[in-house]
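Undergrad: Quick one: the structure is below, and I'll ask about it shortly.
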Amino acid sequence: MDRSSELADFLRTRRAGITPDQTGLPADGRARRVPGLRRDEVARLAGVSTEYYTRLEQGRGGNPSPEVLEALARALRLDAAEREHLVDLLARPTPARRAPGNPQRVRPGLHLMLHTLDHVPAFILGRRTDVLASNRLARAILTDFDALPVTRRNLARYYLLDPAARDRVGDWDRIAAETVAILRLEAGRYPHDRQLADLVGELTLRSAEFSDWWNDHRVLRRTHGTKRYHHPLVGDLHFSYESFQAPGDTDQTMCVYNVEPGSPTAESLQLLSNWTAPRHDTPAAPPDVR
């Protein structure tokens, strides 16, 4: 990933989404050839020179001070994820940031937590939205990731490339676009991740919508929200999800789909849980009491 062009495109798309009226800038009578703020208007709002902001947008601004970054973030109305992305794009490459290390592993305690949460869907995402582990209900509602080759267990690939996902995922356009924004945030953090580059290339070639969402330069860190699914056996399901980083590993995220007790979704989940429960064709042998 070309850091200079990524920074330039990110700053351009952010200022294009802000109108002068939103910032309180007075109208100057000049015709606008493109939507959003001009470079000089961003510079004025941030308290820097137009020349300096132009160099920054061209990837020639060096390392801005924290004060300048904060001023730019305010001028461009960046949210927390966008601020993080801006810092990532301006950071000097280091060995730790050039590429992730060894393949990710989920520790036994987190596997046990997934098993304990067997009454709701739960799964653990790693880098690139790789699905590192999932419980039975998560596999029943989304797709059986355990049945896929390890290299294909990826949430973005499921949402964007699996035809069944469009029928099963409510608000598919929104969820798929948000997932692309999550990948874009990670690309800023790990610009030399070869596996992420391969995934982006695959999605570019095989998904009709991916390129538009990717080129929008939207970034997102998912924390909580709502999701809807339609399951062919039990119908519509409504969840309030929570996502949080695993203690001790910021590259692993646990996602839990909560339901209101006594709700139609809770009843449907119980039905689905009973339907998918492992069945034992023969009774277990009695214990040896000799």
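How things are named: the first chain in the structure tokens is A, the next is B, and so on; residues count from 1 in each chain; ligands count from 1 in the order shown.
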Could you build a table of the residues in stretch 102-160 of chain A lying no more than 12 Å from stretch 182-200 of chain A, giving for each the nearest pair of atoms and their separation in Å rounded to one decimal place, using only C-alpha atoms, ordered by chain and ascending residue number, as a Markdown table?

TA:
```
| residue | atom | partner | partner_atom | distance |
| --- | --- | --- | --- | --- |
| A:Asn102 | CA | A:Asp193 | CA | 11.9 |
| A:Pro103 | CA | A:Gln195 | CA | 11.0 |
| A:Leu125 | CA | A:Ile182 | CA | 11.6 |
| A:Gly126 | CA | A:Glu186 | CA | 10.8 |
| A:Arg127 | CA | A:Glu186 | CA | 7.7 |
| A:Arg128 | CA | A:Leu196 | CA | 6.0 |
| A:Thr129 | CA | A:Leu183 | CA | 7.4 |
| A:Asp130 | CA | A:Leu196 | CA | 10.1 |
| A:Thr151 | CA | A:Gln195 | CA | 9.8 |
| A:Arg152 | CA | A:Leu199 | CA | 10.0 |
| A:Arg153 | CA | A:Leu199 | CA | 11.7 |
| A:Asn154 | CA | A:Leu199 | CA | 9.5 |
| A:Leu155 | CA | A:Leu183 | CA | 10.6 |
| A:Ala156 | CA | A:Leu183 | CA | 8.3 |
| A:Arg157 | CA | A:Leu199 | CA | 8.0 |
| A:Tyr158 | CA | A:Leu199 | CA | 11.8 |
| A:Leu160 | CA | A:Val200 | CA | 11.3 |
```

Undergrad: Generate a file of the selected residues that holds all heavy atoms, formatted as a tab-separated table (two decimals), in the first residue's frame.

TA:
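out.tsv written:
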```tsv
chain	number	residue	atom	x	y	z
A	102	ASN	N	3.31	-14.46	13.72
A	102	ASN	CA	2.93	-15.84	13.47
A	102	ASN	C	1.41	-15.99	13.34
A	102	ASN	O	0.66	-15.10	13.73
A	102	ASN	CB	3.44	-16.72	14.62
A	102	ASN	CG	4.96	-16.73	14.70
A	102	ASN	OD1	5.62	-16.66	13.67
A	102	ASN	ND2	5.49	-16.78	15.90
A	103	PRO	N	0.96	-17.14	12.80
A	103	PRO	CA	-0.49	-17.39	12.74
A	103	PRO	C	-1.13	-17.24	14.11
A	103	PRO	O	-0.56	-17.62	15.13
A	103	PRO	CB	-0.57	-18.83	12.23
A	103	PRO	CG	0.70	-19.03	11.47
A	103	PRO	CD	1.74	-18.24	12.20
A	125	LEU	N	-12.84	-13.02	16.21
A	125	LEU	CA	-12.21	-12.57	14.97
A	125	LEU	C	-10.76	-12.21	15.23
A	125	LEU	O	-10.42	-11.65	16.28
A	125	LEU	CB	-12.93	-11.34	14.42
A	125	LEU	CG	-14.36	-11.51	13.93
A	125	LEU	CD1	-14.90	-10.17	13.42
A	125	LEU	CD2	-14.46	-12.57	12.85
A	126	GLY	N	-9.91	-12.52	14.26
A	126	GLY	CA	-8.52	-12.12	14.31
A	126	GLY	C	-8.25	-11.03	13.28
A	126	GLY	O	-9.15	-10.30	12.87
A	127	ARG	N	-7.01	-10.92	12.88
A	127	ARG	CA	-6.64	-9.95	11.84
A	127	ARG	C	-7.38	-10.29	10.55
A	127	ARG	O	-7.71	-11.44	10.29
A	127	ARG	CB	-5.13	-9.97	11.62
A	127	ARG	CG	-4.33	-9.50	12.84
A	127	ARG	CD	-2.84	-9.44	12.53
A	127	ARG	NE	-2.26	-10.75	12.27
A	127	ARG	CZ	-1.69	-11.51	13.19
A	127	ARG	NH1	-1.61	-11.10	14.44
A	127	ARG	NH2	-1.18	-12.68	12.88
A	128	ARG	N	-7.66	-9.24	9.78
A	128	ARG	CA	-8.30	-9.39	8.46
A	128	ARG	C	-9.71	-9.95	8.56
A	128	ARG	O	-10.23	-10.49	7.59
A	128	ARG	CB	-7.45	-10.29	7.54
A	128	ARG	CG	-6.02	-9.83	7.36
A	128	ARG	CD	-5.18	-10.85	6.61
A	128	ARG	NE	-4.93	-12.03	7.42
A	128	ARG	CZ	-3.92	-12.16	8.26
A	128	ARG	NH1	-3.05	-11.18	8.41
A	128	ARG	NH2	-3.75	-13.28	8.94
A	129	THR	N	-10.35	-9.90	9.72
A	129	THR	CA	-11.66	-10.50	10.02
A	129	THR	C	-11.63	-12.01	9.85
A	129	THR	O	-12.66	-12.63	9.55
A	129	THR	CB	-12.81	-9.89	9.18
A	129	THR	OG1	-12.74	-10.32	7.82
A	129	THR	CG2	-12.81	-8.37	9.25
A	130	ASP	N	-10.47	-12.63	10.06
A	130	ASP	CA	-10.40	-14.09	10.07
A	130	ASP	C	-11.21	-14.62	11.26
A	130	ASP	O	-11.10	-14.10	12.38
A	130	ASP	CB	-8.95	-14.57	10.20
A	130	ASP	CG	-8.16	-14.35	8.93
A	130	ASP	OD1	-8.77	-14.13	7.86
A	130	ASP	OD2	-6.91	-14.41	8.98
A	151	THR	N	-7.76	-21.42	5.72
A	151	THR	CA	-7.44	-20.19	4.99
A	151	THR	C	-8.68	-19.50	4.43
A	151	THR	O	-8.59	-18.36	3.96
A	151	THR	CB	-6.47	-20.49	3.82
A	151	THR	OG1	-7.06	-21.49	2.97
A	151	THR	CG2	-5.14	-20.98	4.35
A	152	ARG	N	-9.85	-20.15	4.47
A	152	ARG	CA	-11.07	-19.56	3.94
A	152	ARG	C	-12.03	-19.08	5.02
A	152	ARG	O	-13.10	-18.58	4.73
A	152	ARG	CB	-11.81	-20.56	3.04
A	152	ARG	CG	-10.95	-21.25	2.01
A	152	ARG	CD	-10.31	-20.28	1.06
A	152	ARG	NE	-11.26	-19.63	0.19
A	152	ARG	CZ	-10.92	-18.70	-0.72
A	152	ARG	NH1	-9.66	-18.32	-0.83
A	152	ARG	NH2	-11.86	-18.14	-1.47
A	153	ARG	N	-11.65	-19.22	6.28
A	153	ARG	CA	-12.53	-18.83	7.39
A	153	ARG	C	-12.38	-17.34	7.64
A	153	ARG	O	-11.58	-16.91	8.46
A	153	ARG	CB	-12.18	-19.65	8.64
A	153	ARG	CG	-12.36	-21.15	8.47
A	153	ARG	CD	-11.86	-21.92	9.69
A	153	ARG	NE	-11.86	-23.35	9.43
A	153	ARG	CZ	-11.37	-24.27	10.25
A	153	ARG	NH1	-10.85	-23.88	11.42
A	153	ARG	NH2	-11.40	-25.55	9.92
A	154	ASN	N	-13.16	-16.58	6.94
A	154	ASN	CA	-13.02	-15.12	7.00
A	154	ASN	C	-14.40	-14.48	6.88
A	154	ASN	O	-15.17	-14.81	5.97
A	154	ASN	CB	-12.10	-14.65	5.88
A	154	ASN	CG	-11.88	-13.16	5.89
A	154	ASN	OD1	-12.66	-12.41	5.31
A	154	ASN	ND2	-10.83	-12.72	6.56
A	155	LEU	N	-14.71	-13.54	7.78
A	155	LEU	CA	-16.04	-12.94	7.81
A	155	LEU	C	-16.28	-12.06	6.59
A	155	LEU	O	-17.38	-12.06	6.02
A	155	LEU	CB	-16.21	-12.14	9.10
A	155	LEU	CG	-17.64	-11.73	9.46
A	155	LEU	CD1	-18.51	-12.97	9.69
A	155	LEU	CD2	-17.65	-10.85	10.69
A	156	ALA	N	-15.30	-11.27	6.19
A	156	ALA	CA	-15.47	-10.42	5.01
A	156	ALA	C	-15.71	-11.25	3.76
A	156	ALA	O	-16.56	-10.93	2.93
A	156	ALA	CB	-14.25	-9.51	4.82
A	157	ARG	N	-14.96	-12.34	3.63
A	157	ARG	CA	-15.14	-13.21	2.47
A	157	ARG	C	-16.55	-13.82	2.48
A	157	ARG	O	-17.19	-13.95	1.43
A	157	ARG	CB	-14.07	-14.31	2.47
A	157	ARG	CG	-14.12	-15.20	1.22
A	157	ARG	CD	-13.03	-16.25	1.26
A	157	ARG	NE	-11.73	-15.69	0.91
A	157	ARG	CZ	-10.72	-15.59	1.76
A	157	ARG	NH1	-10.87	-15.99	3.01
A	157	ARG	NH2	-9.57	-15.08	1.37
A	158	TYR	N	-17.04	-14.19	3.67
A	158	TYR	CA	-18.39	-14.75	3.76
A	158	TYR	C	-19.43	-13.70	3.35
A	158	TYR	O	-20.29	-13.97	2.51
A	158	TYR	CB	-18.66	-15.23	5.18
A	158	TYR	CG	-20.12	-15.49	5.47
A	158	TYR	CD1	-20.81	-16.53	4.84
A	158	TYR	CD2	-20.83	-14.66	6.35
A	158	TYR	CE1	-22.16	-16.75	5.08
A	158	TYR	CE2	-22.18	-14.88	6.59
A	158	TYR	CZ	-22.84	-15.92	5.96
A	158	TYR	OH	-24.17	-16.13	6.20
A	160	LEU	N	-19.22	-10.95	1.57
A	160	LEU	CA	-19.15	-10.39	0.22
A	160	LEU	C	-19.18	-11.43	-0.89
A	160	LEU	O	-19.57	-11.09	-2.02
A	160	LEU	CB	-17.90	-9.52	0.08
A	160	LEU	CG	-18.04	-8.17	0.79
A	160	LEU	CD1	-16.90	-7.92	1.76
A	160	LEU	CD2	-18.10	-7.05	-0.23
```

Undergrad: Enter the distance from atom CA of A:Asp173 to atom CA of A:Phe210, in Å, rounded to one decimal.

TA: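 Atom-to-atom, atom CA of A:Asp173 to atom CA of A:Phe210, that is 10.6 Å.
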
Undergrad: In terms of the shortest atom-to-atom distance over only C-alpha atoms, which of A:Gly262, A:Met113, A:Leu86, A:Ile141 is closest to A:Leu233?

TA: A:Ile141

Undergrad: Give the strand (DSSP E or B) residues of stretch 137-265 of chain A, as assigned by DSSP on the backbone, as a PDB file with N, CA, C and O atoms, in the first residue's frame.

TA:
```pdb
ATOM      1  N   ASN A 154     -13.162 -16.577   6.943  1.00  0.00           N
ATOM      2  CA  ASN A 154     -13.020 -15.121   7.005  1.00  0.00           C
ATOM      3  C   ASN A 154     -14.398 -14.475   6.876  1.00  0.00           C
ATOM      4  O   ASN A 154     -15.170 -14.815   5.971  1.00  0.00           O
ATOM      5  N   VAL A 169     -28.303 -12.362   5.783  1.00  0.00           N
ATOM      6  CA  VAL A 169     -27.900 -11.188   6.555  1.00  0.00           C
ATOM      7  C   VAL A 169     -28.860 -10.037   6.289  1.00  0.00           C
ATOM      8  O   VAL A 169     -28.990  -9.567   5.150  1.00  0.00           O
ATOM      9  N   HIS A 224     -20.272  -2.096  19.092  1.00  0.00           N
ATOM     10  CA  HIS A 224     -21.580  -2.610  19.480  1.00  0.00           C
ATOM     11  C   HIS A 224     -22.601  -2.127  18.465  1.00  0.00           C
ATOM     12  O   HIS A 224     -22.343  -1.221  17.659  1.00  0.00           O
ATOM     13  N   GLY A 225     -23.775  -2.724  18.494  1.00  0.00           N
ATOM     14  CA  GLY A 225     -24.813  -2.331  17.553  1.00  0.00           C
ATOM     15  C   GLY A 225     -25.868  -3.403  17.443  1.00  0.00           C
ATOM     16  O   GLY A 225     -26.019  -4.246  18.336  1.00  0.00           O
ATOM     17  N   THR A 226     -26.607  -3.375  16.350  1.00  0.00           N
ATOM     18  CA  THR A 226     -27.666  -4.357  16.124  1.00  0.00           C
ATOM     19  C   THR A 226     -27.431  -5.072  14.800  1.00  0.00           C
ATOM     20  O   THR A 226     -26.834  -4.517  13.876  1.00  0.00           O
ATOM     21  N   LYS A 227     -27.928  -6.300  14.749  1.00  0.00           N
ATOM     22  CA  LYS A 227     -27.852  -7.083  13.516  1.00  0.00           C
ATOM     23  C   LYS A 227     -29.115  -7.919  13.387  1.00  0.00           C
ATOM     24  O   LYS A 227     -29.714  -8.324  14.382  1.00  0.00           O
ATOM     25  N   ARG A 228     -29.479  -8.155  12.137  1.00  0.00           N
ATOM     26  CA  ARG A 228     -30.629  -9.002  11.841  1.00  0.00           C
ATOM     27  C   ARG A 228     -30.201 -10.113  10.890  1.00  0.00           C
ATOM     28  O   ARG A 228     -29.400  -9.891   9.986  1.00  0.00           O
ATOM     29  N   TYR A 229     -30.745 -11.285  11.117  1.00  0.00           N
ATOM     30  CA  TYR A 229     -30.504 -12.419  10.235  1.00  0.00           C
ATOM     31  C   TYR A 229     -31.832 -13.091   9.929  1.00  0.00           C
ATOM     32  O   TYR A 229     -32.800 -12.975  10.696  1.00  0.00           O
ATOM     33  N   HIS A 230     -31.869 -13.788   8.819  1.00  0.00           N
ATOM     34  CA  HIS A 230     -33.029 -14.618   8.488  1.00  0.00           C
ATOM     35  C   HIS A 230     -32.540 -16.046   8.318  1.00  0.00           C
ATOM     36  O   HIS A 230     -31.785 -16.349   7.389  1.00  0.00           O
ATOM     37  N   HIS A 231     -32.964 -16.917   9.228  1.00  0.00           N
ATOM     38  CA  HIS A 231     -32.532 -18.305   9.177  1.00  0.00           C
ATOM     39  C   HIS A 231     -33.602 -19.134   8.490  1.00  0.00           C
ATOM     40  O   HIS A 231     -34.799 -18.976   8.772  1.00  0.00           O
ATOM     41  N   GLY A 235     -36.614 -18.483  10.896  1.00  0.00           N
ATOM     42  CA  GLY A 235     -37.070 -17.162  10.490  1.00  0.00           C
ATOM     43  C   GLY A 235     -36.187 -16.013  10.946  1.00  0.00           C
ATOM     44  O   GLY A 235     -34.970 -16.180  11.102  1.00  0.00           O
ATOM     45  N   ASP A 236     -36.791 -14.865  11.204  1.00  0.00           N
ATOM     46  CA  ASP A 236     -36.053 -13.644  11.508  1.00  0.00           C
ATOM     47  C   ASP A 236     -35.487 -13.659  12.927  1.00  0.00           C
ATOM     48  O   ASP A 236     -36.164 -14.074  13.877  1.00  0.00           O
ATOM     49  N   LEU A 237     -34.259 -13.166  13.051  1.00  0.00           N
ATOM     50  CA  LEU A 237     -33.561 -13.102  14.334  1.00  0.00           C
ATOM     51  C   LEU A 237     -32.995 -11.697  14.510  1.00  0.00           C
ATOM     52  O   LEU A 237     -32.408 -11.139  13.581  1.00  0.00           O
ATOM     53  N   HIS A 238     -33.160 -11.132  15.700  1.00  0.00           N
ATOM     54  CA  HIS A 238     -32.689  -9.779  15.997  1.00  0.00           C
ATOM     55  C   HIS A 238     -31.725  -9.826  17.178  1.00  0.00           C
ATOM     56  O   HIS A 238     -32.063 -10.369  18.239  1.00  0.00           O
ATOM     57  N   PHE A 239     -30.535  -9.247  16.993  1.00  0.00           N
ATOM     58  CA  PHE A 239     -29.486  -9.309  18.013  1.00  0.00           C
ATOM     59  C   PHE A 239     -28.987  -7.917  18.359  1.00  0.00           C
ATOM     60  O   PHE A 239     -28.980  -7.007  17.525  1.00  0.00           O
ATOM     61  N   SER A 240     -28.539  -7.774  19.595  1.00  0.00           N
ATOM     62  CA  SER A 240     -27.721  -6.633  20.009  1.00  0.00           C
ATOM     63  C   SER A 240     -26.327  -7.175  20.266  1.00  0.00           C
ATOM     64  O   SER A 240     -26.140  -7.984  21.178  1.00  0.00           O
ATOM     65  N   TYR A 241     -25.368  -6.781  19.435  1.00  0.00           N
ATOM     66  CA  TYR A 241     -24.043  -7.382  19.559  1.00  0.00           C
ATOM     67  C   TYR A 241     -23.094  -6.480  20.337  1.00  0.00           C
ATOM     68  O   TYR A 241     -23.231  -5.257  20.365  1.00  0.00           O
ATOM     69  N   GLU A 242     -22.148  -7.107  20.976  1.00  0.00           N
ATOM     70  CA  GLU A 242     -21.051  -6.429  21.670  1.00  0.00           C
ATOM     71  C   GLU A 242     -19.745  -7.030  21.167  1.00  0.00           C
ATOM     72  O   GLU A 242     -19.614  -8.248  21.067  1.00  0.00           O
ATOM     73  N   SER A 243     -18.788  -6.179  20.849  1.00  0.00           N
ATOM     74  CA  SER A 243     -17.466  -6.624  20.401  1.00  0.00           C
ATOM     75  C   SER A 243     -16.410  -5.994  21.295  1.00  0.00           C
ATOM     76  O   SER A 243     -16.468  -4.797  21.561  1.00  0.00           O
ATOM     77  N   PHE A 244     -15.472  -6.799  21.766  1.00  0.00           N
ATOM     78  CA  PHE A 244     -14.419  -6.255  22.622  1.00  0.00           C
ATOM     79  C   PHE A 244     -13.136  -7.041  22.411  1.00  0.00           C
ATOM     80  O   PHE A 244     -13.149  -8.229  22.078  1.00  0.00           O
ATOM     81  N   GLN A 245     -12.028  -6.331  22.579  1.00  0.00           N
ATOM     82  CA  GLN A 245     -10.726  -6.956  22.379  1.00  0.00           C
ATOM     83  C   GLN A 245     -10.435  -7.936  23.495  1.00  0.00           C
ATOM     84  O   GLN A 245     -10.739  -7.686  24.668  1.00  0.00           O
ATOM     85  N   ALA A 246      -9.846  -9.061  23.103  1.00  0.00           N
ATOM     86  CA  ALA A 246      -9.487 -10.070  24.092  1.00  0.00           C
ATOM     87  C   ALA A 246      -8.363  -9.548  24.980  1.00  0.00           C
ATOM     88  O   ALA A 246      -7.391  -8.968  24.479  1.00  0.00           O
ATOM     89  N   ASP A 249      -4.441  -9.518  23.961  1.00  0.00           N
ATOM     90  CA  ASP A 249      -4.219  -9.660  22.523  1.00  0.00           C
ATOM     91  C   ASP A 249      -5.149  -8.703  21.788  1.00  0.00           C
ATOM     92  O   ASP A 249      -6.321  -9.012  21.556  1.00  0.00           O
ATOM     93  N   THR A 250      -4.638  -7.535  21.431  1.00  0.00           N
ATOM     94  CA  THR A 250      -5.464  -6.526  20.784  1.00  0.00           C
ATOM     95  C   THR A 250      -5.834  -6.882  19.354  1.00  0.00           C
ATOM     96  O   THR A 250      -6.662  -6.203  18.742  1.00  0.00           O
ATOM     97  N   ASP A 251      -5.244  -7.953  18.801  1.00  0.00           N
ATOM     98  CA  ASP A 251      -5.574  -8.383  17.448  1.00  0.00           C
ATOM     99  C   ASP A 251      -6.638  -9.471  17.434  1.00  0.00           C
ATOM    100  O   ASP A 251      -6.901 -10.065  16.384  1.00  0.00           O
ATOM    101  N   GLN A 252      -7.251  -9.750  18.583  1.00  0.00           N
ATOM    102  CA  GLN A 252      -8.356 -10.694  18.641  1.00  0.00           C
ATOM    103  C   GLN A 252      -9.573 -10.001  19.240  1.00  0.00           C
ATOM    104  O   GLN A 252      -9.469  -9.311  20.255  1.00  0.00           O
ATOM    105  N   THR A 253     -10.718 -10.179  18.598  1.00  0.00           N
ATOM    106  CA  THR A 253     -11.957  -9.527  19.023  1.00  0.00           C
ATOM    107  C   THR A 253     -13.029 -10.581  19.244  1.00  0.00           C
ATOM    108  O   THR A 253     -13.307 -11.385  18.342  1.00  0.00           O
ATOM    109  N   MET A 254     -13.623 -10.569  20.431  1.00  0.00           N
ATOM    110  CA  MET A 254     -14.747 -11.462  20.706  1.00  0.00           C
ATOM    111  C   MET A 254     -16.042 -10.747  20.369  1.00  0.00           C
ATOM    112  O   MET A 254     -16.263  -9.608  20.785  1.00  0.00           O
ATOM    113  N   CYS A 255     -16.901 -11.401  19.623  1.00  0.00           N
ATOM    114  CA  CYS A 255     -18.189 -10.850  19.226  1.00  0.00           C
ATOM    115  C   CYS A 255     -19.293 -11.728  19.808  1.00  0.00           C
ATOM    116  O   CYS A 255     -19.300 -12.945  19.582  1.00  0.00           O
ATOM    117  N   VAL A 256     -20.201 -11.105  20.548  1.00  0.00           N
ATOM    118  CA  VAL A 256     -21.291 -11.833  21.196  1.00  0.00           C
ATOM    119  C   VAL A 256     -22.609 -11.230  20.735  1.00  0.00           C
ATOM    120  O   VAL A 256     -22.814 -10.019  20.819  1.00  0.00           O
ATOM    121  N   TYR A 257     -23.520 -12.073  20.246  1.00  0.00           N
ATOM    122  CA  TYR A 257     -24.837 -11.640  19.783  1.00  0.00           C
ATOM    123  C   TYR A 257     -25.849 -11.889  20.904  1.00  0.00           C
ATOM    124  O   TYR A 257     -26.298 -13.010  21.113  1.00  0.00           O
ATOM    125  N   ASN A 258     -26.203 -10.830  21.622  1.00  0.00           N
ATOM    126  CA  ASN A 258     -27.120 -10.952  22.750  1.00  0.00           C
ATOM    127  C   ASN A 258     -28.573 -10.863  22.300  1.00  0.00           C
ATOM    128  O   ASN A 258     -28.886 -10.258  21.265  1.00  0.00           O
TER     129      ASN A 258
END
```

Undergrad: Smallest atom-to-atom distance to A:Leu76: which of A:Pro20, A:Pro264, A:Pro26, A:Gly248, using only C-alpha atoms?

TA: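 Ranked by minimum distance to A:Leu76, first place goes to A:Pro20.
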
Undergrad: Counting only C-alpha atoms, what is within 10 Å of A:Arg3, bar same-chain residues fewer than 5 positions away, as a ChimeraX atom specification?

TA: /A:8-9,59,88-93,188,191

Undergrad: Report the residues of stretch 197-248 of chain A whose backbone DSSP state falls under alpha helix (DSSP H), written as an mmCIF file with C-alpha atoms, in the first residue's frame.

TA:
```cif
data_model
loop_
_atom_site.group_PDB
_atom_site.id
_atom_site.type_symbol
_atom_site.label_atom_id
_atom_site.label_comp_id
_atom_site.auth_asym_id
_atom_site.auth_seq_id
_atom_site.Cartn_x
_atom_site.Cartn_y
_atom_site.Cartn_z
ATOM 1 C CA ALA A 197 -3.403 -7.574 0.331
ATOM 2 C CA ASP A 198 -4.353 -10.950 -1.169
ATOM 3 C CA LEU A 199 -7.795 -10.757 0.446
ATOM 4 C CA VAL A 200 -8.361 -7.222 -0.886
ATOM 5 C CA GLY A 201 -7.304 -8.391 -4.336
ATOM 6 C CA GLU A 202 -9.691 -11.337 -4.237
ATOM 7 C CA LEU A 203 -12.594 -9.180 -3.081
ATOM 8 C CA THR A 204 -11.809 -6.576 -5.749
ATOM 9 C CA LEU A 205 -12.008 -9.194 -8.476
ATOM 10 C CA ARG A 206 -14.998 -11.171 -7.217
ATOM 11 C CA PHE A 210 -16.197 -3.966 -2.958
ATOM 12 C CA SER A 211 -14.189 -1.436 -4.994
ATOM 13 C CA ASP A 212 -16.654 1.411 -4.460
ATOM 14 C CA TRP A 213 -16.700 0.828 -0.709
ATOM 15 C CA TRP A 214 -12.924 0.403 -0.522
ATOM 16 C CA ASN A 215 -12.250 3.581 -2.504
#
```

Undergrad: What is the distance between atom CA of A:Pro35 and atom CA of A:Thr179, in Å to one decimal?

TA: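 The value is 26.1 Å.
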
Undergrad: Please identify all polymer residues within 9 Å of A:Val42, counting only C-alpha atoms, omitting same-chain residues fewer than 5 positions from it, and present them as a list of chain:residue names.

TA: A:Arg15, A:Leu37, A:Gly47, A:Val48, A:Thr50, A:Tyr53, A:Leu72, A:Ala75, A:Leu76

Undergrad: How far is it from atom CA of A:Thr13 to atom CA of A:Arg166, in Å with one decimal?

TA: 28.1 Å

Undergrad: Could you name the residues that touch stretch 81-84 of chain A at 8 Å or less, counting only C-alpha atoms, but leaving out those on the same chain fewer than 5 positions away, as a list in words?

TA: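 Selected residues are Ala73, Leu185, Arg218, Val219, Leu220 and Arg221 of chain A.
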
Undergrad: Report the closest atom pair, with its distance in Å rounded to one decimal, for each residue of stretch 37-153 of chain A that has an atom no farther than 12 Å from stretch 269-274 of chain A; count only C-alpha atoms, sort by chain and then rising residue number, and write it as a tab-separated table.

TA:
```
residue	atom	partner	partner_atom	distance
A:Asp118	CA	A:Ser273	CA	8.5
A:His119	CA	A:Gln270	CA	7.5
A:Val120	CA	A:Leu269	CA	7.4
A:Pro121	CA	A:Leu269	CA	9.0
A:Asn135	CA	A:Ser273	CA	11.1
A:Arg136	CA	A:Ser273	CA	8.1
A:Leu137	CA	A:Ser273	CA	6.7
A:Ala138	CA	A:Ser273	CA	10.4
A:Arg139	CA	A:Ser273	CA	11.0
A:Ala140	CA	A:Leu272	CA	8.0
A:Ile141	CA	A:Leu272	CA	8.9
```
